[in-house]
file input.cif (mmCIF, N, CA, C and O atoms)
data_structure
#
loop_
_atom_site.label_atom_id
_atom_site.label_comp_id
_atom_site.auth_asym_id
_atom_site.auth_seq_id
_atom_site.Cartn_x
_atom_site.Cartn_y
_atom_site.Cartn_z
N MET A 108 -1.58 24.66 -2.45
CA MET A 108 -1.43 23.37 -1.79
C MET A 108 -2.14 23.43 -0.44
O MET A 108 -1.95 24.35 0.33
N LYS A 109 -2.99 22.42 -0.19
CA LYS A 109 -3.74 22.44 1.06
C LYS A 109 -2.89 21.97 2.25
O LYS A 109 -1.92 21.25 2.09
N LYS A 110 -3.29 22.40 3.43
CA LYS A 110 -2.59 22.04 4.66
C LYS A 110 -2.83 20.56 4.96
O LYS A 110 -3.90 20.02 4.73
N LEU A 111 -1.82 19.92 5.53
CA LEU A 111 -1.92 18.50 5.84
C LEU A 111 -2.74 18.27 7.09
O LEU A 111 -2.49 18.85 8.13
N ASP A 112 -3.74 17.41 6.98
CA ASP A 112 -4.56 16.95 8.09
C ASP A 112 -4.31 15.46 8.20
O ASP A 112 -4.52 14.71 7.24
N LEU A 113 -3.85 15.01 9.37
CA LEU A 113 -3.41 13.63 9.53
C LEU A 113 -4.50 12.61 9.20
O LEU A 113 -4.24 11.62 8.51
N GLU A 114 -5.71 12.84 9.66
CA GLU A 114 -6.79 11.87 9.42
C GLU A 114 -7.13 11.77 7.93
O GLU A 114 -7.24 10.67 7.39
N SER A 115 -7.27 12.90 7.27
CA SER A 115 -7.59 12.85 5.84
C SER A 115 -6.39 12.35 5.03
O SER A 115 -6.55 11.67 4.02
N LEU A 116 -5.19 12.65 5.50
CA LEU A 116 -3.99 12.17 4.83
C LEU A 116 -3.90 10.65 4.91
O LEU A 116 -3.57 9.97 3.94
N GLN A 117 -4.19 10.09 6.09
CA GLN A 117 -4.21 8.63 6.26
C GLN A 117 -5.20 8.01 5.26
O GLN A 117 -4.89 7.01 4.62
N ASN A 118 -6.36 8.60 5.14
CA ASN A 118 -7.37 8.11 4.20
C ASN A 118 -6.86 8.21 2.76
O ASN A 118 -7.03 7.28 1.96
N ASP A 119 -6.24 9.34 2.42
CA ASP A 119 -5.69 9.51 1.06
C ASP A 119 -4.62 8.47 0.76
O ASP A 119 -4.56 7.93 -0.35
N VAL A 120 -3.77 8.19 1.74
CA VAL A 120 -2.72 7.18 1.55
C VAL A 120 -3.34 5.82 1.29
O VAL A 120 -2.95 5.11 0.35
N LEU A 121 -4.35 5.43 2.08
CA LEU A 121 -5.01 4.14 1.86
C LEU A 121 -5.67 4.07 0.49
O LEU A 121 -5.61 3.04 -0.19
N GLN A 122 -6.28 5.17 0.07
CA GLN A 122 -6.91 5.18 -1.26
C GLN A 122 -5.86 5.01 -2.37
O GLN A 122 -6.11 4.31 -3.35
N GLN A 123 -4.70 5.61 -2.20
CA GLN A 123 -3.64 5.46 -3.20
C GLN A 123 -3.09 4.04 -3.20
O GLN A 123 -2.76 3.50 -4.26
N LEU A 124 -2.99 3.40 -2.03
CA LEU A 124 -2.51 2.02 -1.97
C LEU A 124 -3.46 1.08 -2.70
O LEU A 124 -3.04 0.08 -3.28
N LYS A 125 -4.72 1.41 -2.70
CA LYS A 125 -5.72 0.59 -3.38
C LYS A 125 -5.60 0.67 -4.90
O LYS A 125 -6.21 -0.12 -5.62
N LEU A 126 -4.81 1.60 -5.39
CA LEU A 126 -4.60 1.74 -6.84
C LEU A 126 -3.40 0.94 -7.35
O LEU A 126 -3.16 0.89 -8.55
N ILE A 127 -2.66 0.33 -6.43
CA ILE A 127 -1.46 -0.42 -6.81
C ILE A 127 -1.82 -1.89 -6.95
O ILE A 127 -2.23 -2.53 -5.98
N ASN A 128 -1.68 -2.41 -8.15
CA ASN A 128 -2.03 -3.80 -8.40
C ASN A 128 -0.91 -4.74 -7.99
O ASN A 128 0.27 -4.41 -8.08
N ASP A 129 -1.31 -5.93 -7.59
CA ASP A 129 -0.38 -6.99 -7.26
C ASP A 129 0.39 -7.40 -8.52
O ASP A 129 -0.09 -7.22 -9.64
N ILE A 130 1.55 -7.96 -8.33
CA ILE A 130 2.38 -8.39 -9.45
C ILE A 130 1.76 -9.58 -10.17
O ILE A 130 1.81 -9.66 -11.39
N GLU A 131 1.16 -10.50 -9.43
CA GLU A 131 0.71 -11.77 -10.02
C GLU A 131 -0.79 -11.93 -10.12
O GLU A 131 -1.27 -12.71 -10.92
N LEU A 132 -1.55 -11.24 -9.29
CA LEU A 132 -3.00 -11.43 -9.25
C LEU A 132 -3.71 -10.14 -9.66
O LEU A 132 -3.19 -9.05 -9.44
N PRO A 133 -4.93 -10.25 -10.18
CA PRO A 133 -5.67 -9.05 -10.61
C PRO A 133 -6.37 -8.36 -9.44
O PRO A 133 -7.57 -8.12 -9.47
N LEU A 134 -5.62 -8.07 -8.40
CA LEU A 134 -6.14 -7.39 -7.21
C LEU A 134 -5.14 -6.33 -6.77
O LEU A 134 -3.95 -6.44 -7.02
N ASN A 135 -5.66 -5.32 -6.06
CA ASN A 135 -4.74 -4.33 -5.52
C ASN A 135 -4.12 -4.87 -4.23
O ASN A 135 -4.64 -5.80 -3.61
N ILE A 136 -2.99 -4.31 -3.86
CA ILE A 136 -2.22 -4.83 -2.73
C ILE A 136 -2.94 -4.65 -1.40
O ILE A 136 -2.69 -5.39 -0.46
N TYR A 137 -3.83 -3.68 -1.31
CA TYR A 137 -4.58 -3.48 -0.08
C TYR A 137 -5.63 -4.57 0.10
O TYR A 137 -5.69 -5.22 1.14
N ASP A 138 -6.47 -4.77 -0.93
CA ASP A 138 -7.52 -5.79 -0.84
C ASP A 138 -6.95 -7.20 -0.75
O ASP A 138 -7.56 -8.09 -0.17
N LEU A 139 -5.78 -7.40 -1.33
CA LEU A 139 -5.13 -8.70 -1.26
C LEU A 139 -4.61 -9.01 0.15
O LEU A 139 -4.39 -10.15 0.50
N GLY A 140 -4.46 -7.98 0.95
CA GLY A 140 -4.02 -8.18 2.32
C GLY A 140 -2.51 -8.10 2.49
O GLY A 140 -1.97 -8.50 3.52
N LEU A 141 -1.81 -7.57 1.49
CA LEU A 141 -0.37 -7.42 1.60
C LEU A 141 0.00 -6.26 2.52
O LEU A 141 1.07 -6.25 3.12
N ILE A 142 -0.89 -5.29 2.62
CA ILE A 142 -0.67 -4.16 3.52
C ILE A 142 -1.36 -4.50 4.84
O ILE A 142 -2.58 -4.53 4.94
N HIS A 143 -0.57 -4.78 5.82
CA HIS A 143 -1.10 -5.21 7.11
C HIS A 143 -1.43 -4.01 8.00
O HIS A 143 -2.37 -4.05 8.78
N ASN A 144 -0.68 -2.94 7.85
CA ASN A 144 -0.88 -1.76 8.67
C ASN A 144 -0.18 -0.58 8.01
O ASN A 144 0.82 -0.76 7.32
N THR A 145 -0.69 0.61 8.21
CA THR A 145 0.02 1.81 7.76
C THR A 145 0.06 2.82 8.91
O THR A 145 -0.86 2.90 9.71
N LYS A 146 1.14 3.54 8.96
CA LYS A 146 1.29 4.59 9.96
C LYS A 146 1.82 5.82 9.22
O LYS A 146 2.87 5.77 8.59
N VAL A 147 1.07 6.89 9.25
CA VAL A 147 1.43 8.11 8.54
C VAL A 147 1.80 9.18 9.56
O VAL A 147 1.07 9.40 10.52
N GLU A 148 2.94 9.81 9.35
CA GLU A 148 3.38 10.92 10.21
C GLU A 148 3.74 12.09 9.32
O GLU A 148 4.30 11.92 8.24
N ILE A 149 3.43 13.27 9.78
CA ILE A 149 3.82 14.48 9.08
C ILE A 149 5.12 14.95 9.72
O ILE A 149 5.14 15.35 10.89
N SER A 150 6.22 14.88 8.97
CA SER A 150 7.51 15.23 9.55
C SER A 150 7.86 16.70 9.36
O SER A 150 8.51 17.30 10.19
N LYS A 151 7.47 17.26 8.26
CA LYS A 151 7.67 18.68 7.96
C LYS A 151 6.48 19.12 7.12
O LYS A 151 5.67 18.29 6.72
N GLU A 152 6.41 20.38 6.83
CA GLU A 152 5.32 20.84 5.97
C GLU A 152 5.40 20.16 4.61
O GLU A 152 6.45 20.16 3.96
N SER A 153 4.33 19.52 4.23
CA SER A 153 4.20 18.83 2.94
C SER A 153 5.13 17.63 2.80
O SER A 153 5.41 17.19 1.69
N GLU A 154 5.64 17.10 3.90
CA GLU A 154 6.47 15.90 3.87
C GLU A 154 5.89 14.88 4.83
O GLU A 154 5.54 15.23 5.96
N VAL A 155 5.75 13.65 4.36
CA VAL A 155 5.18 12.61 5.22
C VAL A 155 6.10 11.41 5.28
O VAL A 155 6.87 11.15 4.34
N ASN A 156 6.03 10.71 6.38
CA ASN A 156 6.68 9.42 6.54
C ASN A 156 5.58 8.39 6.62
O ASN A 156 4.64 8.54 7.40
N VAL A 157 5.68 7.35 5.81
CA VAL A 157 4.69 6.30 5.80
C VAL A 157 5.39 5.00 6.16
O VAL A 157 6.35 4.60 5.49
N GLU A 158 4.93 4.37 7.22
CA GLU A 158 5.46 3.08 7.63
C GLU A 158 4.41 2.04 7.26
O GLU A 158 3.25 2.14 7.67
N ILE A 159 4.80 1.08 6.46
CA ILE A 159 3.87 0.07 5.97
C ILE A 159 4.34 -1.29 6.42
O ILE A 159 5.48 -1.68 6.17
N THR A 160 3.46 -1.99 7.11
CA THR A 160 3.76 -3.37 7.47
C THR A 160 3.28 -4.23 6.32
O THR A 160 2.09 -4.27 6.01
N ILE A 161 4.22 -4.84 5.65
CA ILE A 161 3.90 -5.67 4.50
C ILE A 161 4.14 -7.12 4.88
O ILE A 161 5.07 -7.43 5.61
N THR A 162 3.27 -7.98 4.42
CA THR A 162 3.38 -9.39 4.79
C THR A 162 4.51 -10.06 4.02
O THR A 162 4.93 -9.60 2.96
N GLN A 163 5.00 -11.14 4.58
CA GLN A 163 6.02 -11.93 3.90
C GLN A 163 5.34 -12.89 2.94
O GLN A 163 4.38 -13.55 3.31
N ILE A 164 5.85 -12.93 1.74
CA ILE A 164 5.35 -13.89 0.76
C ILE A 164 6.55 -14.61 0.19
O ILE A 164 7.40 -14.01 -0.46
N ASP A 165 6.63 -15.89 0.46
CA ASP A 165 7.80 -16.66 0.07
C ASP A 165 7.99 -16.78 -1.43
O ASP A 165 9.09 -16.92 -1.92
N SER A 166 6.90 -16.74 -2.20
CA SER A 166 7.00 -17.02 -3.63
C SER A 166 7.46 -15.83 -4.45
O SER A 166 7.68 -15.95 -5.64
N ARG A 167 7.61 -14.67 -3.85
CA ARG A 167 7.97 -13.49 -4.62
C ARG A 167 9.40 -13.05 -4.31
O ARG A 167 9.84 -13.12 -3.18
N GLN A 168 10.05 -12.54 -5.35
CA GLN A 168 11.38 -11.99 -5.16
C GLN A 168 11.35 -10.54 -5.56
O GLN A 168 10.77 -10.17 -6.56
N ASN A 169 11.99 -9.71 -4.77
CA ASN A 169 12.12 -8.28 -5.05
C ASN A 169 10.78 -7.55 -5.09
O ASN A 169 10.68 -6.49 -5.67
N ASN A 170 9.72 -8.09 -4.49
CA ASN A 170 8.44 -7.40 -4.52
C ASN A 170 8.49 -6.10 -3.72
O ASN A 170 7.80 -5.16 -4.05
N GLN A 171 9.33 -6.03 -2.70
CA GLN A 171 9.44 -4.80 -1.93
C GLN A 171 9.93 -3.66 -2.81
O GLN A 171 9.44 -2.55 -2.70
N PHE A 172 10.90 -3.93 -3.68
CA PHE A 172 11.43 -2.87 -4.54
C PHE A 172 10.38 -2.39 -5.52
O PHE A 172 10.23 -1.19 -5.74
N TYR A 173 9.63 -3.32 -6.10
CA TYR A 173 8.56 -2.94 -7.01
C TYR A 173 7.52 -2.11 -6.28
O TYR A 173 7.13 -1.05 -6.74
N PHE A 174 7.08 -2.61 -5.12
CA PHE A 174 6.05 -1.91 -4.38
C PHE A 174 6.54 -0.56 -3.86
O PHE A 174 5.78 0.41 -3.84
N LEU A 175 7.78 -0.46 -3.47
CA LEU A 175 8.32 0.80 -2.99
C LEU A 175 8.21 1.87 -4.07
O LEU A 175 7.73 2.98 -3.82
N ASP A 176 8.64 1.55 -5.28
CA ASP A 176 8.56 2.51 -6.38
C ASP A 176 7.11 2.89 -6.68
O ASP A 176 6.79 4.05 -6.88
N GLU A 177 6.24 1.89 -6.71
CA GLU A 177 4.84 2.15 -7.01
C GLU A 177 4.16 2.97 -5.91
O GLU A 177 3.38 3.87 -6.19
N ILE A 178 4.47 2.67 -4.66
CA ILE A 178 3.88 3.41 -3.54
C ILE A 178 4.33 4.86 -3.57
O ILE A 178 3.51 5.78 -3.44
N LYS A 179 5.61 5.09 -3.78
CA LYS A 179 6.10 6.48 -3.84
C LYS A 179 5.44 7.23 -4.99
O LYS A 179 5.06 8.40 -4.84
N LYS A 180 5.31 6.58 -6.13
CA LYS A 180 4.68 7.21 -7.29
C LYS A 180 3.22 7.58 -6.99
O LYS A 180 2.78 8.69 -7.30
N GLN A 181 2.49 6.69 -6.34
CA GLN A 181 1.10 6.97 -6.02
C GLN A 181 0.97 8.04 -4.95
O GLN A 181 0.09 8.89 -5.02
N LEU A 182 1.85 8.02 -3.94
CA LEU A 182 1.76 9.01 -2.88
C LEU A 182 2.05 10.42 -3.38
O LEU A 182 1.48 11.39 -2.89
N LYS A 183 2.91 10.53 -4.37
CA LYS A 183 3.23 11.85 -4.92
C LYS A 183 2.03 12.45 -5.66
O LYS A 183 2.01 13.64 -5.94
N LYS A 184 1.03 11.64 -5.94
CA LYS A 184 -0.18 12.13 -6.59
C LYS A 184 -1.12 12.83 -5.60
O LYS A 184 -2.05 13.51 -6.01
N ILE A 185 -0.87 12.65 -4.31
CA ILE A 185 -1.67 13.34 -3.30
C ILE A 185 -1.25 14.81 -3.28
O ILE A 185 -0.07 15.12 -3.09
N GLU A 186 -2.21 15.67 -3.49
CA GLU A 186 -1.95 17.10 -3.68
C GLU A 186 -1.12 17.74 -2.57
O GLU A 186 -0.26 18.56 -2.81
N SER A 187 -1.36 17.34 -1.33
CA SER A 187 -0.71 18.00 -0.20
C SER A 187 0.67 17.46 0.13
O SER A 187 1.32 17.95 1.05
N ILE A 188 1.15 16.47 -0.62
CA ILE A 188 2.45 15.87 -0.32
C ILE A 188 3.49 16.30 -1.34
O ILE A 188 3.30 16.13 -2.54
N ASN A 189 4.58 16.85 -0.86
CA ASN A 189 5.72 17.15 -1.72
C ASN A 189 6.73 16.02 -1.69
O ASN A 189 7.35 15.70 -2.69
N GLU A 190 6.92 15.44 -0.51
CA GLU A 190 7.91 14.39 -0.34
C GLU A 190 7.32 13.29 0.52
O GLU A 190 6.68 13.56 1.52
N ALA A 191 7.55 12.04 0.11
CA ALA A 191 7.07 10.90 0.89
C ALA A 191 8.23 9.94 1.12
O ALA A 191 8.94 9.58 0.19
N LYS A 192 8.40 9.57 2.37
CA LYS A 192 9.40 8.56 2.72
C LYS A 192 8.65 7.32 3.14
O LYS A 192 7.75 7.39 3.98
N VAL A 193 9.01 6.18 2.57
CA VAL A 193 8.31 4.94 2.84
C VAL A 193 9.27 3.97 3.52
O VAL A 193 10.39 3.78 3.06
N ASN A 194 8.82 3.40 4.61
CA ASN A 194 9.60 2.41 5.34
C ASN A 194 8.76 1.14 5.45
O ASN A 194 7.62 1.19 5.91
N PHE A 195 9.32 0.02 5.02
CA PHE A 195 8.62 -1.25 5.13
C PHE A 195 9.00 -1.93 6.44
O PHE A 195 10.17 -1.97 6.81
N VAL A 196 8.02 -2.47 7.11
CA VAL A 196 8.22 -3.33 8.26
C VAL A 196 7.68 -4.68 7.85
O VAL A 196 6.53 -4.79 7.42
N ILE A 197 8.52 -5.70 7.92
CA ILE A 197 8.08 -7.02 7.50
C ILE A 197 7.24 -7.62 8.61
O ILE A 197 7.66 -7.72 9.75
N GLY A 198 6.04 -8.01 8.27
CA GLY A 198 5.09 -8.52 9.25
C GLY A 198 4.90 -10.02 9.13
O GLY A 198 5.77 -10.73 8.65
N PRO A 199 3.75 -10.44 9.54
CA PRO A 199 3.48 -11.88 9.54
C PRO A 199 3.43 -12.44 8.13
O PRO A 199 3.22 -11.72 7.17
N LYS A 200 3.61 -13.75 8.03
CA LYS A 200 3.51 -14.42 6.74
C LYS A 200 2.07 -14.32 6.24
O LYS A 200 1.13 -14.49 7.01
N TRP A 201 1.91 -14.04 4.96
CA TRP A 201 0.59 -13.85 4.38
C TRP A 201 -0.22 -15.14 4.37
O TRP A 201 0.30 -16.23 4.13
N ASP A 202 -1.52 -14.98 4.63
CA ASP A 202 -2.48 -16.05 4.36
C ASP A 202 -3.80 -15.39 3.95
O ASP A 202 -3.99 -14.19 4.12
N SER A 203 -4.70 -16.16 3.39
CA SER A 203 -5.91 -15.60 2.79
C SER A 203 -6.82 -14.89 3.80
O SER A 203 -7.66 -14.08 3.40
N SER A 204 -6.65 -15.13 5.09
CA SER A 204 -7.49 -14.45 6.08
C SER A 204 -7.16 -12.96 6.15
O SER A 204 -7.93 -12.18 6.72
N MET A 205 -6.04 -12.53 5.57
CA MET A 205 -5.65 -11.12 5.59
C MET A 205 -6.33 -10.31 4.50
O MET A 205 -6.26 -9.09 4.51
N MET A 206 -6.98 -10.99 3.57
CA MET A 206 -7.64 -10.30 2.47
C MET A 206 -8.90 -9.60 2.96
O MET A 206 -9.57 -10.05 3.89
N THR A 207 -9.24 -8.48 2.32
CA THR A 207 -10.49 -7.80 2.63
C THR A 207 -11.63 -8.60 2.03
O THR A 207 -11.42 -9.41 1.11
N PRO A 208 -12.86 -8.40 2.52
CA PRO A 208 -14.00 -9.08 1.90
C PRO A 208 -14.10 -8.79 0.39
O PRO A 208 -14.41 -9.68 -0.40
N ARG A 209 -13.81 -7.56 0.00
CA ARG A 209 -13.83 -7.20 -1.42
C ARG A 209 -12.78 -7.99 -2.19
O ARG A 209 -13.02 -8.48 -3.28
N GLY A 210 -11.59 -8.13 -1.61
CA GLY A 210 -10.53 -8.90 -2.26
C GLY A 210 -10.89 -10.36 -2.42
O GLY A 210 -10.66 -10.96 -3.47
N LEU A 211 -11.47 -10.94 -1.37
CA LEU A 211 -11.91 -12.34 -1.45
C LEU A 211 -12.95 -12.54 -2.53
O LEU A 211 -12.90 -13.50 -3.30
N GLU A 212 -13.91 -11.61 -2.60
CA GLU A 212 -14.96 -11.71 -3.61
C GLU A 212 -14.38 -11.60 -5.02
O GLU A 212 -14.72 -12.39 -5.90
N LYS A 213 -13.50 -10.64 -5.23
CA LYS A 213 -12.89 -10.47 -6.55
C LYS A 213 -12.07 -11.69 -6.95
O LYS A 213 -12.13 -12.14 -8.08
N LEU A 214 -11.30 -12.22 -6.01
CA LEU A 214 -10.47 -13.37 -6.32
C LEU A 214 -11.33 -14.59 -6.61
O LEU A 214 -11.03 -15.39 -7.50
N THR A 215 -12.42 -14.75 -5.89
CA THR A 215 -13.33 -15.86 -6.11
C THR A 215 -13.97 -15.80 -7.49
O THR A 215 -14.24 -16.82 -8.12
N ASN A 216 -14.20 -14.58 -7.98
CA ASN A 216 -14.89 -14.40 -9.26
C ASN A 216 -13.96 -14.29 -10.46
O ASN A 216 -14.42 -14.04 -11.57
N VAL A 217 -12.67 -14.45 -10.26
CA VAL A 217 -11.72 -14.37 -11.38
C VAL A 217 -11.90 -15.61 -12.26
O VAL A 217 -11.92 -16.73 -11.76
N ASN A 218 -12.05 -15.37 -13.55
CA ASN A 218 -12.19 -16.50 -14.48
C ASN A 218 -10.84 -17.13 -14.74
O ASN A 218 -9.86 -16.44 -15.00
N SER A 219 -10.77 -18.44 -14.68
CA SER A 219 -9.53 -19.15 -14.99
C SER A 219 -9.34 -19.22 -16.49
O SER A 219 -10.30 -19.30 -17.24
N LEU A 220 -8.08 -19.22 -16.91
CA LEU A 220 -7.79 -19.32 -18.34
C LEU A 220 -7.84 -20.75 -18.80
O LEU A 220 -7.60 -21.67 -18.14
#
call {"tool": "encode", "arguments": {"input": "input.cif", "output": "structure tokens"}}
result
Amino acid sequence: MKKLDLESLQNDVLQQLKLINDIELPLNIYDLGLIHNTKVEISKESEVNVEITITQIDSRQNNQFYFLDEIKKQLKKIESINEAKVNFVIGPKWDSSMMTPRGLEKLTNVNSL
């Protein structure tokens, strides 16, 4: 198991968040702009605390519980992490300006049924 480096760990966490798809749209939660901020701390050897500012979305129920399970599952895939603690901080209400350019492009190109 490799030693934890905060900068590379932060990058690894963001890459894992990009693998979690939204419940309703064909986009990942990062590009969709649901993840407003992340803060990664190394609390013990191979244990990290991740604080995620997630936007408020009025139309969803229990999305935090779904995302919490998915985030923990993805973070455990990072080789240097044995334990991950995730804390959500509810941030501003979501709007389309929070999406990444990649997310906007993907959403624009989605074919309607």
call {"tool": "select_by_dssp", "arguments": {"input": "input.cif", "residues": "stretch 113-201 of chain A", "states": "alpha helix (DSSP H)", "output": "list in words"}}
result
Leu113, Glu114, Ser115, Leu116, Gln117, Asn118, Asp119, Val120, Leu121, Gln122, Gln123, Leu124, Asn170, Gln171, Phe172, Tyr173, Phe174, Leu175, Asp176, Glu177, Ile178, Lys179, Lys180, Gln181 and Leu182 of chain A
call {"tool": "closest_residue", "arguments": {"input": "input.cif", "among": "A:Leu134, A:Ile161, A:Ile142, A:Leu113", "to": "A:Gly198", "atoms": "only N, CA, C and O atoms"}}
result
A:Ile161
call {"tool": "resolve_selection", "arguments": {"input": "input.cif", "expression": "the PyMOL selection byres ((chain A and resi 123) around 8)", "output": "PyMOL selection string"}}
result
chain A and resi 116-122+124-128+136-137+177-178+180-182+185
call {"tool": "closest_residue", "arguments": {"input": "input.cif", "among": "A:Leu132, A:Val196, A:Ile188, A:Lys179", "to": "A:Lys151", "atoms": "only C-alpha atoms"}}
result
A:Ile188
call {"tool": "resolve_selection", "arguments": {"input": "input.cif", "expression": "the PyMOL selection byres ((chain A and resi 158) around 6)", "output": "PDB file with N, CA, C and O atoms, in the coordinates of the input"}}
result
ATOM      1  N   ASN A 144      -0.680  -2.940   7.850  1.00  0.00           N
ATOM      2  CA  ASN A 144      -0.880  -1.760   8.670  1.00  0.00           C
ATOM      3  C   ASN A 144      -0.180  -0.580   8.010  1.00  0.00           C
ATOM      4  O   ASN A 144       0.820  -0.760   7.320  1.00  0.00           O
ATOM      5  N   THR A 145      -0.690   0.610   8.210  1.00  0.00           N
ATOM      6  CA  THR A 145       0.020   1.810   7.760  1.00  0.00           C
ATOM      7  C   THR A 145       0.060   2.820   8.910  1.00  0.00           C
ATOM      8  O   THR A 145      -0.860   2.900   9.710  1.00  0.00           O
ATOM      9  N   LYS A 146       1.140   3.540   8.960  1.00  0.00           N
ATOM     10  CA  LYS A 146       1.290   4.590   9.960  1.00  0.00           C
ATOM     11  C   LYS A 146       1.820   5.820   9.220  1.00  0.00           C
ATOM     12  O   LYS A 146       2.870   5.770   8.590  1.00  0.00           O
ATOM     13  N   VAL A 147       1.070   6.890   9.250  1.00  0.00           N
ATOM     14  CA  VAL A 147       1.430   8.110   8.540  1.00  0.00           C
ATOM     15  C   VAL A 147       1.800   9.180   9.560  1.00  0.00           C
ATOM     16  O   VAL A 147       1.070   9.400  10.520  1.00  0.00           O
ATOM     17  N   ASN A 156       6.030  10.710   6.380  1.00  0.00           N
ATOM     18  CA  ASN A 156       6.680   9.420   6.540  1.00  0.00           C
ATOM     19  C   ASN A 156       5.580   8.390   6.620  1.00  0.00           C
ATOM     20  O   ASN A 156       4.640   8.540   7.400  1.00  0.00           O
ATOM     21  N   VAL A 157       5.680   7.350   5.810  1.00  0.00           N
ATOM     22  CA  VAL A 157       4.690   6.300   5.800  1.00  0.00           C
ATOM     23  C   VAL A 157       5.390   5.000   6.160  1.00  0.00           C
ATOM     24  O   VAL A 157       6.350   4.600   5.490  1.00  0.00           O
ATOM     25  N   ILE A 159       4.800   1.080   6.460  1.00  0.00           N
ATOM     26  CA  ILE A 159       3.870   0.070   5.970  1.00  0.00           C
ATOM     27  C   ILE A 159       4.340  -1.290   6.420  1.00  0.00           C
ATOM     28  O   ILE A 159       5.480  -1.680   6.170  1.00  0.00           O
ATOM     29  N   THR A 160       3.460  -1.990   7.110  1.00  0.00           N
ATOM     30  CA  THR A 160       3.760  -3.370   7.470  1.00  0.00           C
ATOM     31  C   THR A 160       3.280  -4.230   6.320  1.00  0.00           C
ATOM     32  O   THR A 160       2.090  -4.270   6.010  1.00  0.00           O
ATOM     33  N   LYS A 192       8.400   9.570   2.370  1.00  0.00           N
ATOM     34  CA  LYS A 192       9.400   8.560   2.720  1.00  0.00           C
ATOM     35  C   LYS A 192       8.650   7.320   3.140  1.00  0.00           C
ATOM     36  O   LYS A 192       7.750   7.390   3.980  1.00  0.00           O
ATOM     37  N   VAL A 193       9.010   6.180   2.570  1.00  0.00           N
ATOM     38  CA  VAL A 193       8.310   4.940   2.840  1.00  0.00           C
ATOM     39  C   VAL A 193       9.270   3.970   3.520  1.00  0.00           C
ATOM     40  O   VAL A 193      10.390   3.780   3.060  1.00  0.00           O
ATOM     41  N   ASN A 194       8.820   3.400   4.610  1.00  0.00           N
ATOM     42  CA  ASN A 194       9.600   2.410   5.340  1.00  0.00           C
ATOM     43  C   ASN A 194       8.760   1.140   5.450  1.00  0.00           C
ATOM     44  O   ASN A 194       7.620   1.190   5.910  1.00  0.00           O
ATOM     45  N   PHE A 195       9.320   0.020   5.020  1.00  0.00           N
ATOM     46  CA  PHE A 195       8.620  -1.250   5.130  1.00  0.00           C
ATOM     47  C   PHE A 195       9.000  -1.930   6.440  1.00  0.00           C
ATOM     48  O   PHE A 195      10.170  -1.970   6.810  1.00  0.00           O
ATOM     49  N   VAL A 196       8.020  -2.470   7.110  1.00  0.00           N
ATOM     50  CA  VAL A 196       8.220  -3.330   8.260  1.00  0.00           C
ATOM     51  C   VAL A 196       7.680  -4.680   7.850  1.00  0.00           C
ATOM     52  O   VAL A 196       6.530  -4.790   7.420  1.00  0.00           O
TER      53      VAL A 196
END
call {"tool": "atom_distance", "arguments": {"input": "input.cif", "atom1": "atom CA of A:Leu214", "atom2": "atom N of A:Leu141"}}
result
13.0 Å
call {"tool": "atom_distance", "arguments": {"input": "input.cif", "atom1": "atom CA of A:Gly210", "atom2": "atom C of A:Asn135"}}
result
7.8 Å
call {"tool": "select_by_dssp", "arguments": {"input": "input.cif", "residues": "chain A", "states": "strand (DSSP E or B)", "output": "VMD selection string"}}
result
chain A and resid 128 135 142 to 151 154 to 163 190 to 200
call {"tool": "closest_residue", "arguments": {"input": "input.cif", "among": "A:Glu114, A:Gly140, A:Val155, A:Thr215", "to": "A:Asn189", "atoms": "all atoms listed in the file"}}
result
A:Val155
call {"tool": "residues_around", "arguments": {"input": "input.cif", "residues": "A:Glu212", "least_positions_apart": "6", "cutoff": "12 Å", "atoms": "only C-alpha atoms", "output": "JSON, numbers by chain"}}
result
{"A": [133, 134, 138, 139, 203, 206]}
call {"tool": "atom_distance", "arguments": {"input": "input.cif", "atom1": "atom O of A:Phe172", "atom2": "atom N of A:Asp112"}}
result
26.5 Å
call {"tool": "axis_aligned_box", "arguments": {"input": "input.cif", "around": "stretch 188-195 of chain A", "padding_each_side": "4 Å", "output": "JSON"}}
result
{"center_x": 5.8, "center_y": 7.6, "center_z": 2.1, "size_x": 17.2, "size_y": 27.1, "size_z": 17.5}
